[in-house]
$ cat upload22.cif   # mmCIF, C-alpha atoms
data_run
loop_
_atom_site.group_PDB
_atom_site.id
_atom_site.type_symbol
_atom_site.label_atom_id
_atom_site.label_comp_id
_atom_site.auth_asym_id
_atom_site.auth_seq_id
_atom_site.Cartn_x
_atom_site.Cartn_y
_atom_site.Cartn_z
ATOM 1 C CA MET A 1 102.140 -87.798 -109.276
ATOM 2 C CA ALA A 2 104.023 -87.552 -105.989
ATOM 3 C CA PRO A 3 102.469 -85.250 -103.409
ATOM 4 C CA MET A 4 104.496 -82.426 -101.904
ATOM 5 C CA SER A 5 106.388 -83.590 -98.825
ATOM 6 C CA SER A 6 105.417 -82.187 -95.454
ATOM 7 C CA ALA A 7 108.818 -80.471 -95.187
ATOM 8 C CA ASP A 8 108.351 -78.694 -98.530
ATOM 9 C CA ALA A 9 104.801 -77.732 -97.618
ATOM 10 C CA MET A 10 106.058 -76.215 -94.375
ATOM 11 C CA LYS A 11 108.564 -74.106 -96.313
ATOM 12 C CA TRP A 12 105.801 -72.667 -98.493
ATOM 13 C CA LEU A 13 103.535 -72.154 -95.487
ATOM 14 C CA SER A 14 106.322 -70.430 -93.570
ATOM 15 C CA ASN A 15 106.990 -68.034 -96.453
ATOM 16 C CA PHE A 16 103.276 -67.403 -96.948
ATOM 17 C CA VAL A 17 102.546 -66.613 -93.301
ATOM 18 C CA SER A 18 105.637 -64.450 -92.796
ATOM 19 C CA SER A 19 105.147 -62.520 -96.063
ATOM 20 C CA VAL A 20 101.496 -61.709 -95.391
ATOM 21 C CA ALA A 21 102.291 -60.793 -91.767
ATOM 22 C CA ILE A 22 105.081 -58.389 -92.687
ATOM 23 C CA VAL A 23 102.876 -56.649 -95.255
ATOM 24 C CA MET A 24 100.215 -56.087 -92.593
ATOM 25 C CA VAL A 25 102.775 -54.823 -90.055
ATOM 26 C CA ASN A 26 104.474 -52.559 -92.603
ATOM 27 C CA LYS A 27 101.125 -51.153 -93.684
ATOM 28 C CA GLN A 28 100.501 -50.012 -90.127
ATOM 29 C CA LEU A 29 104.090 -48.802 -89.710
ATOM 30 C CA MET A 30 104.388 -46.958 -93.034
ATOM 31 C CA GLY A 31 100.802 -46.066 -93.953
ATOM 32 C CA SER A 32 99.460 -42.526 -93.667
ATOM 33 C CA GLN A 33 96.725 -43.821 -91.370
ATOM 34 C CA GLY A 34 99.314 -45.668 -89.279
ATOM 35 C CA TYR A 35 102.666 -44.302 -88.094
ATOM 36 C CA ALA A 36 103.810 -42.806 -91.432
ATOM 37 C CA PHE A 37 107.348 -44.236 -91.334
ATOM 38 C CA GLN A 38 107.950 -43.731 -95.067
ATOM 39 C CA TYR A 39 111.672 -44.541 -95.209
ATOM 40 C CA ALA A 40 111.360 -47.785 -97.171
ATOM 41 C CA THR A 41 114.971 -48.201 -98.302
ATOM 42 C CA THR A 42 116.345 -47.548 -94.817
ATOM 43 C CA LEU A 43 113.812 -50.033 -93.462
ATOM 44 C CA CYS A 44 115.197 -52.643 -95.891
ATOM 45 C CA GLY A 45 118.669 -51.932 -94.516
ATOM 46 C CA LEU A 46 117.427 -52.482 -90.966
ATOM 47 C CA HIS A 47 115.802 -55.717 -92.095
ATOM 48 C CA PHE A 48 119.111 -57.035 -93.434
ATOM 49 C CA LEU A 49 120.938 -55.779 -90.348
ATOM 50 C CA CYS A 50 118.686 -57.989 -88.227
ATOM 51 C CA THR A 51 118.887 -60.840 -90.754
ATOM 52 C CA MET A 52 122.653 -60.928 -90.147
ATOM 53 C CA SER A 53 121.766 -62.935 -87.040
ATOM 54 C CA VAL A 54 121.330 -66.082 -89.155
ATOM 55 C CA LYS A 55 125.106 -66.327 -89.556
ATOM 56 C CA PHE A 56 125.331 -67.254 -85.879
ATOM 57 C CA PHE A 57 123.103 -70.302 -86.415
ATOM 58 C CA LYS A 58 125.192 -72.118 -89.035
ATOM 59 C CA PRO A 59 126.844 -75.501 -88.532
ATOM 60 C CA GLN A 60 130.412 -75.371 -87.206
ATOM 61 C CA ALA A 61 131.739 -76.701 -90.514
ATOM 62 C CA ALA A 62 130.247 -73.785 -92.370
ATOM 63 C CA LYS A 63 131.710 -71.302 -89.906
ATOM 64 C CA ALA A 64 135.182 -72.690 -90.555
ATOM 65 C CA ALA A 65 134.928 -72.161 -94.312
ATOM 66 C CA VAL A 66 137.828 -70.496 -96.117
ATOM 67 C CA VAL A 67 138.288 -69.306 -99.677
ATOM 68 C CA GLY A 68 138.657 -72.241 -102.060
ATOM 69 C CA LYS A 69 137.197 -75.032 -99.926
ATOM 70 C CA SER A 70 134.985 -75.161 -96.881
ATOM 71 C CA ALA A 71 135.757 -77.302 -93.852
ATOM 72 C CA ASP A 72 133.637 -80.146 -95.229
ATOM 73 C CA GLY A 73 135.197 -79.998 -98.709
ATOM 74 C CA VAL A 74 132.378 -78.056 -100.388
ATOM 75 C CA LYS A 75 133.370 -75.321 -102.849
ATOM 76 C CA GLU A 76 133.497 -71.877 -101.293
ATOM 77 C CA LEU A 77 131.455 -69.049 -102.830
ATOM 78 C CA PRO A 78 133.893 -66.705 -104.647
ATOM 79 C CA ARG A 79 133.979 -63.140 -103.396
ATOM 80 C CA ALA A 80 133.372 -61.764 -106.900
ATOM 81 C CA LYS A 81 130.121 -63.724 -107.260
ATOM 82 C CA LEU A 82 129.052 -62.730 -103.768
ATOM 83 C CA LEU A 83 129.562 -59.039 -104.566
ATOM 84 C CA ALA A 84 127.808 -59.441 -107.925
ATOM 85 C CA PHE A 85 124.806 -60.976 -106.167
ATOM 86 C CA VAL A 86 124.697 -58.128 -103.643
ATOM 87 C CA GLY A 87 124.893 -55.610 -106.496
ATOM 88 C CA VAL A 88 121.945 -57.237 -108.272
ATOM 89 C CA ALA A 89 119.928 -57.403 -105.046
ATOM 90 C CA MET A 90 120.691 -53.747 -104.292
ATOM 91 C CA THR A 91 119.600 -52.747 -107.781
ATOM 92 C CA SER A 92 116.367 -54.665 -107.281
ATOM 93 C CA ILE A 93 115.442 -52.926 -104.015
ATOM 94 C CA VAL A 94 116.403 -49.415 -105.137
ATOM 95 C CA SER A 95 114.693 -49.701 -108.528
ATOM 96 C CA LEU A 96 111.486 -51.095 -107.014
ATOM 97 C CA ASN A 97 111.309 -48.196 -104.561
ATOM 98 C CA LEU A 98 111.983 -45.665 -107.331
ATOM 99 C CA SER A 99 109.423 -47.370 -109.562
ATOM 100 C CA LEU A 100 106.760 -46.998 -106.897
ATOM 101 C CA MET A 101 107.580 -43.279 -106.704
ATOM 102 C CA LEU A 102 107.698 -42.627 -110.467
ATOM 103 C CA ASN A 103 104.805 -44.822 -111.615
ATOM 104 C CA HIS A 104 101.093 -45.151 -111.022
ATOM 105 C CA VAL A 105 100.415 -48.070 -108.670
ATOM 106 C CA GLY A 106 98.638 -49.925 -111.496
ATOM 107 C CA PHE A 107 101.735 -49.865 -113.724
ATOM 108 C CA TYR A 108 103.891 -50.814 -110.735
ATOM 109 C CA GLN A 109 101.774 -53.935 -110.184
ATOM 110 C CA LEU A 110 101.819 -54.713 -113.906
ATOM 111 C CA ALA A 111 105.617 -54.509 -113.925
ATOM 112 C CA LYS A 112 105.786 -56.955 -111.004
ATOM 113 C CA LEU A 113 103.716 -59.416 -113.045
ATOM 114 C CA LEU A 114 106.359 -59.268 -115.792
ATOM 115 C CA GLN A 115 108.811 -60.942 -113.415
ATOM 116 C CA ILE A 116 107.284 -64.346 -114.216
ATOM 117 C CA PRO A 117 107.975 -64.318 -117.994
ATOM 118 C CA THR A 118 111.297 -62.564 -117.311
ATOM 119 C CA VAL A 119 112.422 -65.431 -115.079
ATOM 120 C CA CYS A 120 111.384 -67.866 -117.843
ATOM 121 C CA LEU A 121 113.321 -65.878 -120.454
ATOM 122 C CA LEU A 122 116.486 -65.512 -118.374
ATOM 123 C CA GLU A 123 116.548 -69.202 -117.446
ATOM 124 C CA MET A 124 116.044 -70.181 -121.096
ATOM 125 C CA VAL A 125 118.786 -67.835 -122.389
ATOM 126 C CA PHE A 126 121.422 -68.563 -119.746
ATOM 127 C CA PHE A 127 120.606 -72.109 -118.629
ATOM 128 C CA GLY A 128 118.689 -73.602 -121.547
ATOM 129 C CA ARG A 129 115.619 -74.327 -119.435
ATOM 130 C CA LYS A 130 112.378 -74.458 -121.383
ATOM 131 C CA VAL A 131 108.808 -74.195 -120.175
ATOM 132 C CA SER A 132 106.318 -76.808 -121.363
ATOM 133 C CA ALA A 133 103.065 -75.839 -123.046
ATOM 134 C CA LYS A 134 101.005 -76.854 -120.005
ATOM 135 C CA MET A 135 103.298 -74.894 -117.702
ATOM 136 C CA ALA A 136 102.975 -71.841 -119.955
ATOM 137 C CA GLN A 137 99.184 -72.179 -119.871
ATOM 138 C CA ALA A 138 99.176 -72.279 -116.074
ATOM 139 C CA ILE A 139 101.482 -69.241 -115.879
ATOM 140 C CA ALA A 140 99.229 -67.325 -118.276
ATOM 141 C CA VAL A 141 96.167 -68.055 -116.110
ATOM 142 C CA VAL A 142 97.981 -66.910 -112.961
ATOM 143 C CA MET A 143 99.199 -63.701 -114.604
ATOM 144 C CA PHE A 144 95.727 -62.954 -115.957
ATOM 145 C CA GLY A 145 94.084 -63.534 -112.578
ATOM 146 C CA VAL A 146 96.574 -61.443 -110.611
ATOM 147 C CA GLY A 147 96.367 -58.762 -113.290
ATOM 148 C CA VAL A 148 92.583 -58.575 -112.981
ATOM 149 C CA ALA A 149 92.867 -58.436 -109.182
ATOM 150 C CA THR A 150 95.606 -55.808 -108.884
ATOM 151 C CA VAL A 151 95.816 -53.678 -112.027
ATOM 152 C CA GLN A 152 92.916 -51.232 -112.087
ATOM 153 C CA GLU A 153 94.332 -48.484 -114.278
ATOM 154 C CA THR A 154 97.764 -47.728 -115.671
ATOM 155 C CA SER A 155 99.683 -44.747 -116.966
ATOM 156 C CA MET A 156 103.223 -44.737 -118.308
ATOM 157 C CA ASN A 157 106.106 -42.303 -118.454
ATOM 158 C CA PHE A 158 109.572 -42.749 -119.924
ATOM 159 C CA TRP A 159 111.763 -42.751 -116.801
ATOM 160 C CA GLY A 160 109.201 -44.633 -114.765
ATOM 161 C CA THR A 161 109.102 -47.346 -117.420
ATOM 162 C CA VAL A 162 112.913 -47.538 -117.584
ATOM 163 C CA VAL A 163 113.221 -47.889 -113.804
ATOM 164 C CA ALA A 164 110.393 -50.459 -113.700
ATOM 165 C CA LEU A 165 112.086 -52.606 -116.366
ATOM 166 C CA ILE A 166 115.384 -52.437 -114.482
ATOM 167 C CA GLY A 167 113.534 -53.559 -111.363
ATOM 168 C CA VAL A 168 111.936 -56.479 -113.207
ATOM 169 C CA LEU A 169 115.277 -57.662 -114.593
ATOM 170 C CA ALA A 170 117.172 -57.211 -111.312
ATOM 171 C CA THR A 171 114.532 -58.907 -109.151
ATOM 172 C CA SER A 172 114.208 -61.844 -111.548
ATOM 173 C CA ALA A 173 117.999 -62.204 -111.772
ATOM 174 C CA GLN A 174 118.378 -62.059 -107.991
ATOM 175 C CA GLN A 175 115.911 -64.874 -107.430
ATOM 176 C CA ILE A 176 117.552 -67.013 -110.113
ATOM 177 C CA LEU A 177 120.965 -66.387 -108.506
ATOM 178 C CA VAL A 178 119.663 -67.461 -105.085
ATOM 179 C CA SER A 179 118.805 -70.860 -106.561
ATOM 180 C CA LYS A 180 121.918 -71.078 -108.761
ATOM 181 C CA LEU A 181 124.435 -70.214 -106.031
ATOM 182 C CA GLN A 182 122.928 -72.636 -103.537
ATOM 183 C CA SER A 183 123.024 -75.540 -106.007
ATOM 184 C CA GLU A 184 126.387 -74.710 -107.612
ATOM 185 C CA TYR A 185 128.303 -74.263 -104.354
ATOM 186 C CA ALA A 186 126.259 -76.659 -102.196
ATOM 187 C CA ILE A 187 125.591 -74.047 -99.540
ATOM 188 C CA SER A 188 122.458 -73.833 -97.441
ATOM 189 C CA SER A 189 119.921 -71.047 -97.656
ATOM 190 C CA ASN A 190 120.943 -69.765 -94.218
ATOM 191 C CA ASP A 191 124.616 -69.835 -95.208
ATOM 192 C CA LEU A 192 123.990 -67.774 -98.341
ATOM 193 C CA LEU A 193 121.782 -65.375 -96.407
ATOM 194 C CA GLY A 194 124.390 -65.061 -93.648
ATOM 195 C CA ARG A 195 127.059 -64.122 -96.209
ATOM 196 C CA THR A 196 124.989 -61.586 -98.131
ATOM 197 C CA ALA A 197 123.017 -59.909 -95.314
ATOM 198 C CA PRO A 198 125.968 -57.953 -93.798
ATOM 199 C CA LEU A 199 126.913 -56.505 -97.186
ATOM 200 C CA MET A 200 123.295 -55.691 -97.984
ATOM 201 C CA ALA A 201 122.813 -54.011 -94.607
ATOM 202 C CA ALA A 202 125.961 -51.902 -94.975
ATOM 203 C CA ALA A 203 125.031 -50.759 -98.481
ATOM 204 C CA MET A 204 121.358 -50.098 -97.776
ATOM 205 C CA LEU A 205 122.012 -48.190 -94.554
ATOM 206 C CA THR A 206 124.610 -46.071 -96.380
ATOM 207 C CA ILE A 207 122.484 -44.987 -99.339
ATOM 208 C CA GLY A 208 119.033 -45.632 -97.869
ATOM 209 C CA PRO A 209 118.582 -42.456 -95.788
ATOM 210 C CA PHE A 210 119.604 -40.255 -98.728
ATOM 211 C CA LEU A 211 117.430 -42.100 -101.235
ATOM 212 C CA ASP A 212 114.511 -41.924 -98.808
ATOM 213 C CA GLN A 213 115.092 -38.188 -98.417
ATOM 214 C CA LEU A 214 114.836 -37.876 -102.211
ATOM 215 C CA LEU A 215 111.614 -39.879 -102.237
ATOM 216 C CA THR A 216 109.902 -38.406 -99.166
ATOM 217 C CA GLY A 217 111.379 -34.916 -98.825
ATOM 218 C CA SER A 218 112.534 -35.517 -95.248
ATOM 219 C CA PHE A 219 115.513 -37.180 -93.567
ATOM 220 C CA ILE A 220 114.983 -40.113 -91.240
ATOM 221 C CA THR A 221 116.324 -38.145 -88.256
ATOM 222 C CA GLU A 222 113.293 -35.872 -88.615
ATOM 223 C CA TYR A 223 110.880 -38.718 -87.900
ATOM 224 C CA TYR A 224 108.999 -38.457 -84.597
ATOM 225 C CA TRP A 225 109.209 -41.767 -82.759
ATOM 226 C CA SER A 226 106.626 -43.152 -80.399
ATOM 227 C CA THR A 227 106.510 -46.350 -78.392
ATOM 228 C CA GLU A 228 103.942 -47.757 -80.817
ATOM 229 C CA SER A 229 105.923 -46.960 -83.982
ATOM 230 C CA ALA A 230 109.112 -48.381 -82.433
ATOM 231 C CA THR A 231 107.218 -51.554 -81.514
ATOM 232 C CA PHE A 232 105.976 -51.992 -85.085
ATOM 233 C CA LEU A 233 109.496 -51.332 -86.430
ATOM 234 C CA ILE A 234 110.900 -54.079 -84.209
ATOM 235 C CA ALA A 235 108.098 -56.423 -85.303
ATOM 236 C CA SER A 236 108.843 -55.632 -88.958
ATOM 237 C CA CYS A 237 112.546 -56.406 -88.487
ATOM 238 C CA LEU A 238 111.844 -59.699 -86.697
ATOM 239 C CA LEU A 239 109.399 -60.758 -89.404
ATOM 240 C CA ALA A 240 111.947 -59.789 -92.073
ATOM 241 C CA ILE A 241 114.334 -62.415 -90.673
ATOM 242 C CA TRP A 242 111.605 -65.021 -91.070
ATOM 243 C CA VAL A 243 110.676 -63.784 -94.568
ATOM 244 C CA ASN A 244 114.269 -63.835 -95.825
ATOM 245 C CA ILE A 245 115.034 -67.282 -94.398
ATOM 246 C CA SER A 246 111.847 -68.826 -95.812
ATOM 247 C CA GLN A 247 112.319 -67.116 -99.204
ATOM 248 C CA TYR A 248 115.856 -68.427 -99.659
ATOM 249 C CA MET A 249 114.718 -71.895 -98.546
ATOM 250 C CA CYS A 250 111.827 -71.956 -101.030
ATOM 251 C CA ILE A 251 113.889 -70.753 -103.986
ATOM 252 C CA GLY A 252 116.732 -73.128 -103.105
ATOM 253 C CA THR A 253 114.384 -76.095 -102.796
ATOM 254 C CA PHE A 254 112.168 -75.408 -105.792
ATOM 255 C CA SER A 255 113.021 -72.723 -108.371
ATOM 256 C CA ALA A 256 112.797 -68.999 -108.955
ATOM 257 C CA LEU A 257 109.921 -69.613 -111.374
ATOM 258 C CA SER A 258 107.888 -71.677 -108.916
ATOM 259 C CA PHE A 259 108.547 -69.101 -106.206
ATOM 260 C CA GLN A 260 107.233 -66.354 -108.484
ATOM 261 C CA VAL A 261 104.132 -68.231 -109.633
ATOM 262 C CA ILE A 262 103.006 -69.849 -106.390
ATOM 263 C CA GLY A 263 104.070 -66.743 -104.478
ATOM 264 C CA HIS A 264 101.250 -64.787 -106.077
ATOM 265 C CA VAL A 265 98.790 -66.564 -103.795
ATOM 266 C CA LYS A 266 100.154 -64.185 -101.156
ATOM 267 C CA THR A 267 98.893 -61.249 -103.208
ATOM 268 C CA VAL A 268 95.391 -62.694 -103.153
ATOM 269 C CA PHE A 269 95.378 -63.214 -99.385
ATOM 270 C CA ILE A 270 96.845 -59.767 -98.737
ATOM 271 C CA PHE A 271 93.588 -58.357 -100.147
ATOM 272 C CA PHE A 272 91.620 -60.504 -97.714
ATOM 273 C CA PHE A 273 93.658 -59.570 -94.639
ATOM 274 C CA GLY A 274 93.702 -55.923 -95.703
ATOM 275 C CA TRP A 275 89.908 -56.025 -95.659
ATOM 276 C CA LEU A 276 89.795 -57.990 -92.385
ATOM 277 C CA ILE A 277 92.298 -55.863 -90.439
ATOM 278 C CA PHE A 278 92.222 -52.424 -92.066
ATOM 279 C CA SER A 279 88.689 -52.454 -93.575
ATOM 280 C CA ILE A 280 90.106 -51.886 -97.056
ATOM 281 C CA PRO A 281 87.253 -52.378 -99.562
ATOM 282 C CA ILE A 282 87.393 -55.496 -101.744
ATOM 283 C CA THR A 283 86.172 -55.040 -105.306
ATOM 284 C CA ILE A 284 84.631 -57.586 -107.639
ATOM 285 C CA ASN A 285 87.903 -57.503 -109.587
ATOM 286 C CA ASN A 286 89.793 -58.549 -106.446
ATOM 287 C CA VAL A 287 87.469 -61.506 -105.902
ATOM 288 C CA LEU A 288 87.256 -62.594 -109.549
ATOM 289 C CA GLY A 289 90.949 -62.116 -110.277
ATOM 290 C CA GLY A 290 91.987 -63.774 -107.029
ATOM 291 C CA SER A 291 89.813 -66.817 -107.785
ATOM 292 C CA ILE A 292 91.298 -67.134 -111.274
ATOM 293 C CA ALA A 293 94.826 -66.781 -109.888
ATOM 294 C CA ILE A 294 94.295 -69.477 -107.241
ATOM 295 C CA GLY A 295 92.915 -71.797 -109.933
ATOM 296 C CA GLY A 296 95.988 -71.120 -112.092
ATOM 297 C CA ILE A 297 98.357 -71.670 -109.175
ATOM 298 C CA THR A 298 96.642 -74.981 -108.366
ATOM 299 C CA TYR A 299 96.999 -76.064 -111.999
ATOM 300 C CA TYR A 300 100.644 -74.931 -112.052
ATOM 301 C CA SER A 301 101.421 -76.947 -108.900
ATOM 302 C CA HIS A 302 99.804 -80.029 -110.459
ATOM 303 C CA VAL A 303 101.741 -79.653 -113.725
ATOM 304 C CA ALA A 304 105.057 -78.920 -111.995
ATOM 305 C CA SER A 305 104.687 -81.917 -109.700
ATOM 306 C CA ALA A 306 103.778 -84.206 -112.611
ATOM 307 C CA GLU A 307 106.738 -83.032 -114.705
ATOM 308 C CA LYS A 308 109.110 -83.484 -111.778
ATOM 309 C CA GLU A 309 107.847 -87.028 -111.280
ATOM 310 C CA ARG A 310 108.332 -87.813 -114.999
ATOM 311 C CA GLU A 311 111.899 -86.519 -114.792
ATOM 312 C CA LYS A 312 112.581 -88.851 -111.841
ATOM 313 C CA VAL A 313 111.152 -91.827 -113.728
ATOM 314 C CA ALA A 314 113.205 -90.961 -116.820
ATOM 315 C CA ALA A 315 116.358 -90.627 -114.700
ATOM 316 C CA ARG A 316 115.784 -94.048 -113.138
ATOM 317 C CA GLY A 317 115.321 -95.471 -116.642
ATOM 318 C CA VAL A 318 118.637 -94.027 -117.781
ATOM 319 C CA GLY A 319 120.317 -95.347 -114.667
ATOM 320 C CA VAL A 320 119.105 -98.844 -115.479
#
$ encode --input "upload22.cif" --output "structure tokens"
Amino acid sequence: MAPMSSADAMKWLSNFVSSVAIVMVNKQLMGSQGYAFQYATTLCGLHFLCTMSVKFFKPQAAKAAVVGKSADGVKELPRAKLLAFVGVAMTSIVSLNLSLMLNHVGFYQLAKLLQIPTVCLLEMVFFGRKVSAKMAQAIAVVMFGVGVATVQETSMNFWGTVVALIGVLATSAQQILVSKLQSEYAISSNDLLGRTAPLMAAAMLTIGPFLDQLLTGSFITEYYWSTESATFLIASCLLAIWVNISQYMCIGTFSALSFQVIGHVKTVFIFFFGWLIFSIPITINNVLGGSIAIGGITYYSHVASAEKEREKVAARGVGV
């Protein structure tokens, strides 16, 4: 089995550090015991507005791209597919925010867990990709562990369930499309992010304030700013650039499924840092479930690496 390269490990580490950091910053910014900036959808729009900066750090060849072919001969991403991707991503963000409002936090976390089998199902239906028995076992262990750690109690209602399922489908589809578009059109993660971020920012900043007003009962202009809250907002936006870049890199390098499974290690460490920074109590379920999840993620990484190595060996055999 070939070990993960240092470059790939750095991609995972970058996404892990940035994701945990932004959760901690946003908790202080948005929490009732922090600065109570509860305008989540508008905040997402500001994140993408700042993420637009990545378009200024693309190679010159990519900047010269035109419809049909890019300057280096690589296929250009069609406008229709770009808009479809933005629509799916928008649906994901809006539905997740609505789901958090309409559902108990336990059901919200349970719905997020369903993204793993949903990614498997979508990739099997549309791309014919199948999951091996060992891979399925590892995924089951991870889902069980994260479920024990995060889902304490659940309650369901019709519209909350509908919105949650839409969020699961849209989020899973978005992550699959990130991988698919990068491989199909041979564009880098930063290039794809640079193309989608302006559209995402425009859409989110248009509907975000009104959706947030529906969710919170107040308009963003009513928020009382302080130097501290503005500082945390700026920090959140800067971290969002890092999160988005590392997320697109990880999905483009590996797969949407691997990103979902291994990404759950972040959930486990968020509990730890929440306890360390904000003195949030850790329960026995958090510890037990987190340990099970880390064991499952370790097993998944081992199986995925072994299967990838077998595919390389088989490909070399066919080439001979």
$ residues_around --input "upload22.cif" --residues "A:His302" --least-positions-apart "2" --cutoff "12 Å" --atoms "only C-alpha atoms" --output "ChimeraX atom specification"
/A:1-4,134-135,138,258,262,295-300,304-309
$ atom_distance --input "upload22.cif" --atom1 "atom CA of A:Leu181" --atom2 "atom CA of A:Glu76"
10.4 Å
$ closest_atom_pairs --input "upload22.cif" --of "stretch 213-246 of chain A" --to "stretch 22-38 of chain A" --cutoff "10 Å" --atoms "only C-alpha atoms" --output "Markdown table"
| residue | atom | partner | partner_atom | distance |
| --- | --- | --- | --- | --- |
| A:Gln213 | CA | A:Gln38 | CA | 9.6 |
| A:Leu215 | CA | A:Gln38 | CA | 8.9 |
| A:Thr216 | CA | A:Gln38 | CA | 7.0 |
| A:Ser218 | CA | A:Gln38 | CA | 9.4 |
| A:Ile220 | CA | A:Phe37 | CA | 8.7 |
| A:Tyr223 | CA | A:Phe37 | CA | 7.4 |
| A:Tyr224 | CA | A:Phe37 | CA | 9.0 |
| A:Trp225 | CA | A:Tyr35 | CA | 8.8 |
| A:Ser226 | CA | A:Tyr35 | CA | 8.7 |
| A:Glu228 | CA | A:Tyr35 | CA | 8.2 |
| A:Ser229 | CA | A:Tyr35 | CA | 5.9 |
| A:Ala230 | CA | A:Leu29 | CA | 8.9 |
| A:Thr231 | CA | A:Leu29 | CA | 9.2 |
| A:Phe232 | CA | A:Leu29 | CA | 5.9 |
| A:Leu233 | CA | A:Leu29 | CA | 6.8 |
| A:Ala235 | CA | A:Val25 | CA | 7.3 |
| A:Ser236 | CA | A:Ile22 | CA | 6.0 |
| A:Cys237 | CA | A:Ile22 | CA | 8.8 |
| A:Leu238 | CA | A:Ile22 | CA | 9.1 |
| A:Leu239 | CA | A:Ile22 | CA | 5.9 |
| A:Ala240 | CA | A:Ile22 | CA | 7.0 |
| A:Trp242 | CA | A:Ile22 | CA | 9.4 |
| A:Val243 | CA | A:Ile22 | CA | 8.0 |
$ write_last_selection --input "upload22.cif" --atoms "C-alpha atoms" --output "PDB file, in the frame of the given file"
ATOM      1  CA  GLN A 213     115.092 -38.188 -98.417  1.00  0.00           C
ATOM      2  CA  LEU A 215     111.614 -39.879-102.237  1.00  0.00           C
ATOM      3  CA  THR A 216     109.902 -38.406 -99.166  1.00  0.00           C
ATOM      4  CA  SER A 218     112.534 -35.517 -95.248  1.00  0.00           C
ATOM      5  CA  ILE A 220     114.983 -40.113 -91.240  1.00  0.00           C
ATOM      6  CA  TYR A 223     110.880 -38.718 -87.900  1.00  0.00           C
ATOM      7  CA  TYR A 224     108.999 -38.457 -84.597  1.00  0.00           C
ATOM      8  CA  TRP A 225     109.209 -41.767 -82.759  1.00  0.00           C
ATOM      9  CA  SER A 226     106.626 -43.152 -80.399  1.00  0.00           C
ATOM     10  CA  GLU A 228     103.942 -47.757 -80.817  1.00  0.00           C
ATOM     11  CA  SER A 229     105.923 -46.960 -83.982  1.00  0.00           C
ATOM     12  CA  ALA A 230     109.112 -48.381 -82.433  1.00  0.00           C
ATOM     13  CA  THR A 231     107.218 -51.554 -81.514  1.00  0.00           C
ATOM     14  CA  PHE A 232     105.976 -51.992 -85.085  1.00  0.00           C
ATOM     15  CA  LEU A 233     109.496 -51.332 -86.430  1.00  0.00           C
ATOM     16  CA  ALA A 235     108.098 -56.423 -85.303  1.00  0.00           C
ATOM     17  CA  SER A 236     108.843 -55.632 -88.958  1.00  0.00           C
ATOM     18  CA  CYS A 237     112.546 -56.406 -88.487  1.00  0.00           C
ATOM     19  CA  LEU A 238     111.844 -59.699 -86.697  1.00  0.00           C
ATOM     20  CA  LEU A 239     109.399 -60.758 -89.404  1.00  0.00           C
ATOM     21  CA  ALA A 240     111.947 -59.789 -92.073  1.00  0.00           C
ATOM     22  CA  TRP A 242     111.605 -65.021 -91.070  1.00  0.00           C
ATOM     23  CA  VAL A 243     110.676 -63.784 -94.568  1.00  0.00           C
TER      24      VAL A 243
END
$ resolve_selection --input "upload22.cif" --expression "the PyMOL selection byres ((chain A and resi 256) around 10)" --output "number ranges by chain"
A: 116, 119-120, 123, 172-180, 247-248, 250-255, 257-261
$ closest_residue --input "upload22.cif" --among "A:Asn15, A:Thr42, A:Ser95, A:Thr150" --to "A:Ile166" --atoms "all atoms listed in the file"
A:Ser95
$ closest_residue --input "upload22.cif" --among "A:Val131, A:Met200, A:Leu77, A:Val142" --to "A:Ile187" --atoms "all atoms listed in the file"
A:Leu77
$ atom_distance --input "upload22.cif" --atom1 "atom CA of A:His47" --atom2 "atom CA of A:Leu211"
16.5 Å
$ closest_residue --input "upload22.cif" --among "A:Val146, A:Ile139, A:Leu13, A:Val168" --to "A:Thr118" --atoms "only C-alpha atoms"
A:Val168
$ closest_residue --input "upload22.cif" --among "A:Val17, A:Met101, A:Val54, A:Leu122" --to "A:Gly160" --atoms "all atoms listed in the file"
A:Met101
$ atom_distance --input "upload22.cif" --atom1 "atom CA of A:Glu184" --atom2 "atom CA of A:Pro117"
23.6 Å
$ residues_around --input "upload22.cif" --residues "A:Val163" --least-positions-apart "6" --cutoff "12 Å" --atoms "only C-alpha atoms" --output "mmCIF file with C-alpha atoms, in the frame of the given file"
data_model
loop_
_atom_site.group_PDB
_atom_site.id
_atom_site.type_symbol
_atom_site.label_atom_id
_atom_site.label_comp_id
_atom_site.auth_asym_id
_atom_site.auth_seq_id
_atom_site.Cartn_x
_atom_site.Cartn_y
_atom_site.Cartn_z
ATOM 1 C CA THR A 91 119.600 -52.747 -107.781
ATOM 2 C CA SER A 92 116.367 -54.665 -107.281
ATOM 3 C CA ILE A 93 115.442 -52.926 -104.015
ATOM 4 C CA VAL A 94 116.403 -49.415 -105.137
ATOM 5 C CA SER A 95 114.693 -49.701 -108.528
ATOM 6 C CA LEU A 96 111.486 -51.095 -107.014
ATOM 7 C CA ASN A 97 111.309 -48.196 -104.561
ATOM 8 C CA LEU A 98 111.983 -45.665 -107.331
ATOM 9 C CA SER A 99 109.423 -47.370 -109.562
ATOM 10 C CA LEU A 100 106.760 -46.998 -106.897
ATOM 11 C CA MET A 101 107.580 -43.279 -106.704
ATOM 12 C CA LEU A 102 107.698 -42.627 -110.467
ATOM 13 C CA ASN A 103 104.805 -44.822 -111.615
ATOM 14 C CA PHE A 107 101.735 -49.865 -113.724
ATOM 15 C CA TYR A 108 103.891 -50.814 -110.735
ATOM 16 C CA ALA A 111 105.617 -54.509 -113.925
ATOM 17 C CA MET A 156 103.223 -44.737 -118.308
ATOM 18 C CA ASN A 157 106.106 -42.303 -118.454
ATOM 19 C CA LEU A 169 115.277 -57.662 -114.593
ATOM 20 C CA ALA A 170 117.172 -57.211 -111.312
#
